[in-house]
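Single-structure report; data block below.
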Amino acid sequence: MSQTKSAFNLRKRSMAIMLAAVACGTSAAAIAGQAPVDLGTAGTFAILSKSGVTDVYASAVTGNVGSSPITGAAILLKCTEVSGMIFSVDAAGPLPCTVNSAPFLTLAVLDMEVAYLDAEGRSSPDFTEVGAGEIGGLTLSPGLYKWGTGVKISSDVTLTGGPDDVFIFQVAGTLLQASATRVTLAGGAQAKNVFWQVAGGVAIGTTAHFEGIVLAKTEVAVKTGASVQGRLLAQTAVTLQMNAVTQPAP
């Protein structure tokens with residue numbers, strides 16, 4: 001069979017799949033999957049907040065930390081806990097690792113807010129009210145998920161997909177992960193492509209492990225000994241208690 005004929009048949013099969021999906025109510029956009037949420041300059045931070053970062057020593061943050069518009073005195077991490085830089089709106093942050101960069105932080109916080117609205121505004125969810133808000137014990141595939149309530153992770157949950165697949169979770173309430181549970185990525189899925197848009201507070205339980213980018217309207221509280229592979233981007237405060245927070249690979 002010639003290459004031209006093979007290509008023609010491949011296009012015919014692809015078109016047939018698309019037409020069948022449309023007939024079942026699935027859009028071409030859904031077939032292609034969700035685009036990642038653009039974090040802008042907020043994506044240069046492992047932790048970014050508007051009202052400070054508290055800490056019970058010792059935590060380990062791989063990546064940059066920033067807070068604005070509150071003063072740098074509200075960033076309670078020590079330089080030895082951060083593998084990166086600490087950005088503040090003044091010179092009150094921990095020294096010598098703090099950079100006084102109010103204009104950059106203003107832009108980063110704005111980008112964080114825009115990213116939150118992007119994730120919140122994604123329409124035509126692939127899945128709604130999965131588990132009635134309890135996703136512990138489930139294996140979830142890529143796509144756009146929507147809950148009109150809070151979400152609980154009471155036991156381990158697995159997100160399985162390829163390295164370019166995107167997961168977006170729209171949570172109208174709180175996101176609560178129980179102690180000693182794990183969010184696990186499988187099949188090559190990457191933390192940089194997992195977005196948790198949460199209108200309420202976020203709590204990651206003691207010694208739990210979490211994966212993905214948190215876009216929180218309010219506080220993110222990481223309990224004692226928990227670890228995060230992702231970013232914590234909060235429009236109020238981030239609280240740490242002897243945690244490991246590691247930004248995703250680019």
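Naming scheme: A, B, ... for chains in displayed order of the structure tokens; residues 1 onward per chain; ligands 1 onward as shown.
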So that each row is one residue of range 159-220 of chain A with an atom at most 8 Å from range 134-145 of chain A, can you give its shortest atom pair and the distance in Å to one decimal, using only C-alpha atoms, rows by chain and rising number, as JSON lines?
{"residue": "A:Leu159", "atom": "CA", "partner": "A:Leu140", "partner_atom": "CA", "distance": 4.9}
{"residue": "A:Thr160", "atom": "CA", "partner": "A:Ser141", "partner_atom": "CA", "distance": 5.4}
{"residue": "A:Gly161", "atom": "CA", "partner": "A:Pro142", "partner_atom": "CA", "distance": 6.1}
{"residue": "A:Asp165", "atom": "CA", "partner": "A:Pro142", "partner_atom": "CA", "distance": 6.0}
{"residue": "A:Val166", "atom": "CA", "partner": "A:Pro142", "partner_atom": "CA", "distance": 5.6}
{"residue": "A:Phe167", "atom": "CA", "partner": "A:Pro142", "partner_atom": "CA", "distance": 4.9}
{"residue": "A:Ile168", "atom": "CA", "partner": "A:Leu144", "partner_atom": "CA", "distance": 4.9}
{"residue": "A:Phe169", "atom": "CA", "partner": "A:Tyr145", "partner_atom": "CA", "distance": 4.8}
{"residue": "A:Gln170", "atom": "CA", "partner": "A:Tyr145", "partner_atom": "CA", "distance": 6.0}
Output file for the selection above: N, CA and C atoms, as a tab-separated table (two decimals), in the first residue's frame:
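Contents of out.tsv, freshly written:
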chain	number	residue	atom	x	y	z
A	159	LEU	N	-4.03	9.22	39.66
A	159	LEU	CA	-4.31	9.96	38.43
A	159	LEU	C	-3.45	9.33	37.34
A	160	THR	N	-4.10	8.74	36.34
A	160	THR	CA	-3.34	8.01	35.32
A	160	THR	C	-3.54	8.62	33.95
A	161	GLY	N	-2.43	8.87	33.27
A	161	GLY	CA	-2.46	9.48	31.94
A	161	GLY	C	-1.05	9.61	31.40
A	165	ASP	N	-1.01	14.74	29.16
A	165	ASP	CA	-2.42	14.79	29.55
A	165	ASP	C	-2.64	15.77	30.69
A	166	VAL	N	-3.78	16.43	30.66
A	166	VAL	CA	-4.09	17.49	31.63
A	166	VAL	C	-5.30	17.08	32.47
A	167	PHE	N	-5.17	17.32	33.77
A	167	PHE	CA	-6.26	17.14	34.72
A	167	PHE	C	-6.60	18.50	35.32
A	168	ILE	N	-7.86	18.89	35.29
A	168	ILE	CA	-8.31	20.12	35.95
A	168	ILE	C	-9.47	19.76	36.86
A	169	PHE	N	-9.32	20.06	38.15
A	169	PHE	CA	-10.35	19.77	39.14
A	169	PHE	C	-10.95	21.08	39.63
A	170	GLN	N	-12.22	21.28	39.37
A	170	GLN	CA	-12.95	22.47	39.82
A	170	GLN	C	-13.72	22.10	41.08
Would you please give, as a VMD selection string, all residues of range 1-210 of chain A that DSSP assigns to strand (DSSP E) based on the backbone?
chain A and resid 45 to 49 53 to 56 60 to 62 64 to 67 82 to 83 86 to 88 98 to 100 127 to 128 139 to 140 143 to 147 151 to 153 157 to 160 167 to 171 175 to 177 183 to 186 194 to 198 202 to 204 209 to 210
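The residue set within 8 Å of Ser51 in chain A, counting only C-alpha atoms and dropping same-chain residues fewer than 6 places from it, reads Ser67, Ser68, Pro69, Ile70, Ala74, Gln235, Thr236 and Ala237 of chain A.
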Quick one: write out the picked residues with C-alpha atoms as a short mmCIF file (atom, residue, chain, number, x, y, z; two decimals), in the first residue's frame?
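Saved file out.cif follows:
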data_model
loop_
_atom_site.label_atom_id
_atom_site.label_comp_id
_atom_site.auth_asym_id
_atom_site.auth_seq_id
_atom_site.Cartn_x
_atom_site.Cartn_y
_atom_site.Cartn_z
CA SER A 67 4.12 36.85 49.19
CA SER A 68 2.38 40.10 48.27
CA PRO A 69 0.95 42.56 49.13
CA ILE A 70 1.74 41.72 52.77
CA ALA A 74 4.93 37.56 57.16
CA GLN A 235 -4.95 34.01 47.58
CA THR A 236 -4.64 34.14 51.38
CA ALA A 237 -1.97 32.29 53.41
#
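The residue that comes closest to Leu117 in chain A, out of A:Leu39, A:Ser227, A:Ile204, A:Pro248 and on the basis of only C-alpha atoms, is A:Leu39.
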List as a ChimeraX atom specification the protein and nucleic acid residues near Thr149 in chain A, meaning an atom at most 10 Å away when only C-alpha atoms are counted, but skip any in the same chain fewer than 3 places from it.
/A:129,132-133,146,152,170-175,199-200
List every residue of range 24-201 of chain A that DSSP, applied to the backbone of this structure, assigns to helix (DSSP H, G or I), and report them as a PyMOL selection string.
chain A and resi 28-32+40-44+72-74+79-81+102-121+130-133+191-193
Restricted to N, CA and C atoms, what would the selected residues look like written as a short mmCIF file (atom, residue, chain, number, x, y, z; two decimals), in the first residue's frame?
data_model
loop_
_atom_site.label_atom_id
_atom_site.label_comp_id
_atom_site.auth_asym_id
_atom_site.auth_seq_id
_atom_site.Cartn_x
_atom_site.Cartn_y
_atom_site.Cartn_z
N ALA A 28 -15.16 18.09 19.67
CA ALA A 28 -13.79 17.89 19.18
C ALA A 28 -12.79 18.36 20.21
N ALA A 29 -13.13 19.44 20.97
CA ALA A 29 -12.23 19.95 22.01
C ALA A 29 -12.00 18.91 23.08
N ALA A 30 -13.07 18.15 23.44
CA ALA A 30 -12.92 17.13 24.47
C ALA A 30 -12.01 16.01 24.00
N ILE A 31 -12.11 15.68 22.67
CA ILE A 31 -11.24 14.65 22.13
C ILE A 31 -9.78 15.08 22.26
N ALA A 32 -9.52 16.33 21.97
CA ALA A 32 -8.16 16.84 22.05
C ALA A 32 -7.67 16.95 23.47
N GLY A 40 1.58 31.94 33.95
CA GLY A 40 2.33 33.17 33.79
C GLY A 40 3.52 33.21 34.74
N THR A 41 3.80 34.37 35.28
CA THR A 41 4.95 34.51 36.19
C THR A 41 4.71 33.80 37.53
N ALA A 42 3.45 33.47 37.85
CA ALA A 42 3.18 32.71 39.07
C ALA A 42 3.82 31.33 38.98
N GLY A 43 4.07 30.87 37.76
CA GLY A 43 4.70 29.58 37.57
C GLY A 43 6.17 29.54 37.90
N THR A 44 6.75 30.67 38.32
CA THR A 44 8.15 30.68 38.77
C THR A 44 8.25 30.42 40.27
N GLY A 72 7.20 41.45 53.91
CA GLY A 72 8.05 40.27 53.97
C GLY A 72 8.18 39.68 55.36
N ALA A 73 7.84 40.44 56.38
CA ALA A 73 7.89 39.92 57.75
C ALA A 73 6.90 38.79 57.96
N ALA A 74 5.92 38.64 57.06
CA ALA A 74 4.93 37.56 57.16
C ALA A 74 5.41 36.27 56.50
N CYS A 79 16.10 31.02 55.30
CA CYS A 79 16.81 30.82 54.03
C CYS A 79 17.28 29.39 53.85
N THR A 80 17.67 28.74 54.95
CA THR A 80 18.17 27.37 54.87
C THR A 80 17.08 26.38 54.49
N GLU A 81 15.82 26.80 54.55
CA GLU A 81 14.70 25.92 54.20
C GLU A 81 14.28 26.04 52.74
N ALA A 102 8.80 44.28 44.61
CA ALA A 102 7.36 44.54 44.65
C ALA A 102 6.70 44.51 43.28
N PRO A 103 7.26 45.13 42.23
CA PRO A 103 6.59 45.09 40.92
C PRO A 103 6.46 43.68 40.36
N PHE A 104 7.50 42.86 40.50
CA PHE A 104 7.44 41.49 40.01
C PHE A 104 6.39 40.70 40.76
N LEU A 105 6.32 40.88 42.08
CA LEU A 105 5.33 40.16 42.87
C LEU A 105 3.92 40.59 42.52
N THR A 106 3.74 41.88 42.26
CA THR A 106 2.41 42.36 41.86
C THR A 106 1.95 41.65 40.59
N LEU A 107 2.85 41.50 39.64
CA LEU A 107 2.53 40.80 38.39
C LEU A 107 2.27 39.32 38.66
N ALA A 108 3.09 38.69 39.50
CA ALA A 108 2.93 37.26 39.78
C ALA A 108 1.59 36.98 40.45
N VAL A 109 1.21 37.84 41.41
CA VAL A 109 -0.08 37.65 42.09
C VAL A 109 -1.23 37.85 41.11
N LEU A 110 -1.10 38.83 40.24
CA LEU A 110 -2.13 39.04 39.22
C LEU A 110 -2.24 37.82 38.31
N ASP A 111 -1.10 37.25 37.90
CA ASP A 111 -1.11 36.06 37.06
C ASP A 111 -1.73 34.87 37.81
N MET A 112 -1.47 34.79 39.12
CA MET A 112 -2.08 33.73 39.92
C MET A 112 -3.61 33.85 39.91
N GLU A 113 -4.10 35.07 40.06
CA GLU A 113 -5.54 35.29 40.05
C GLU A 113 -6.15 34.99 38.68
N VAL A 114 -5.44 35.37 37.61
CA VAL A 114 -5.91 35.08 36.25
C VAL A 114 -5.95 33.57 36.01
N ALA A 115 -4.92 32.86 36.50
CA ALA A 115 -4.88 31.41 36.34
C ALA A 115 -6.04 30.75 37.08
N TYR A 116 -6.35 31.26 38.27
CA TYR A 116 -7.48 30.73 39.03
C TYR A 116 -8.77 30.90 38.24
N LEU A 117 -8.98 32.08 37.68
CA LEU A 117 -10.20 32.34 36.91
C LEU A 117 -10.25 31.48 35.64
N ASP A 118 -9.09 31.24 35.03
CA ASP A 118 -9.04 30.37 33.86
C ASP A 118 -9.52 28.98 34.22
N ALA A 119 -8.93 28.40 35.30
CA ALA A 119 -9.32 27.06 35.72
C ALA A 119 -10.79 27.00 36.14
N GLU A 120 -11.23 28.02 36.86
CA GLU A 120 -12.62 28.05 37.32
C GLU A 120 -13.60 28.19 36.16
N GLY A 121 -13.19 28.88 35.11
CA GLY A 121 -14.08 29.17 34.01
C GLY A 121 -14.13 28.12 32.92
N VAL A 130 -18.05 13.42 40.70
CA VAL A 130 -17.49 12.07 40.82
C VAL A 130 -17.41 11.68 42.30
N GLY A 131 -17.90 10.49 42.62
CA GLY A 131 -17.84 9.99 43.99
C GLY A 131 -18.61 10.80 44.99
N ALA A 132 -19.51 11.67 44.51
CA ALA A 132 -20.25 12.58 45.39
C ALA A 132 -19.28 13.39 46.26
N GLY A 133 -18.10 13.65 45.69
CA GLY A 133 -17.11 14.46 46.39
C GLY A 133 -16.07 13.67 47.14
N ALA A 191 2.99 16.23 37.39
CA ALA A 191 2.39 17.16 38.34
C ALA A 191 2.14 18.53 37.73
N LYS A 192 2.97 18.93 36.77
CA LYS A 192 2.82 20.25 36.16
C LYS A 192 1.53 20.36 35.34
N ASN A 193 0.91 19.23 35.02
CA ASN A 193 -0.32 19.21 34.23
C ASN A 193 -1.56 18.89 35.05
#
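Our summary of the geometry notes that CA of Val53 in chain A is positioned 28.9 Å from CA of Ala189 in chain A.
Taking CA of Ala249 in chain A and CA of Gln229 in chain A as endpoints, the distance between them is 9.4 Å.
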Top pick for closest residue to Ala234 in chain A, considering A:Ala180, A:Val82, A:Ile47, A:Leu77 and counting only C-alpha atoms
A:Ile47
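Using only C-alpha atoms, the shortest contact distance between Ala221 in chain A and any of A:Ser88, A:Asn243, A:Gln34, A:Gln190 is found at A:Asn243.
Using only C-alpha atoms, the shortest contact distance between Ser124 in chain A and any of A:Gly93, A:Gly225, A:Pro250, A:Gly33 is found at A:Gly33.
Proximity to Thr54 in chain A was assessed for A:Leu215, A:Gln241, A:Thr71, A:Gly205 counting only C-alpha atoms; the smallest distance is recorded for A:Gln241.
If you look at CA of Val65 in chain A and CA of Phe45 in chain A, they are 5.7 Å away from each other.
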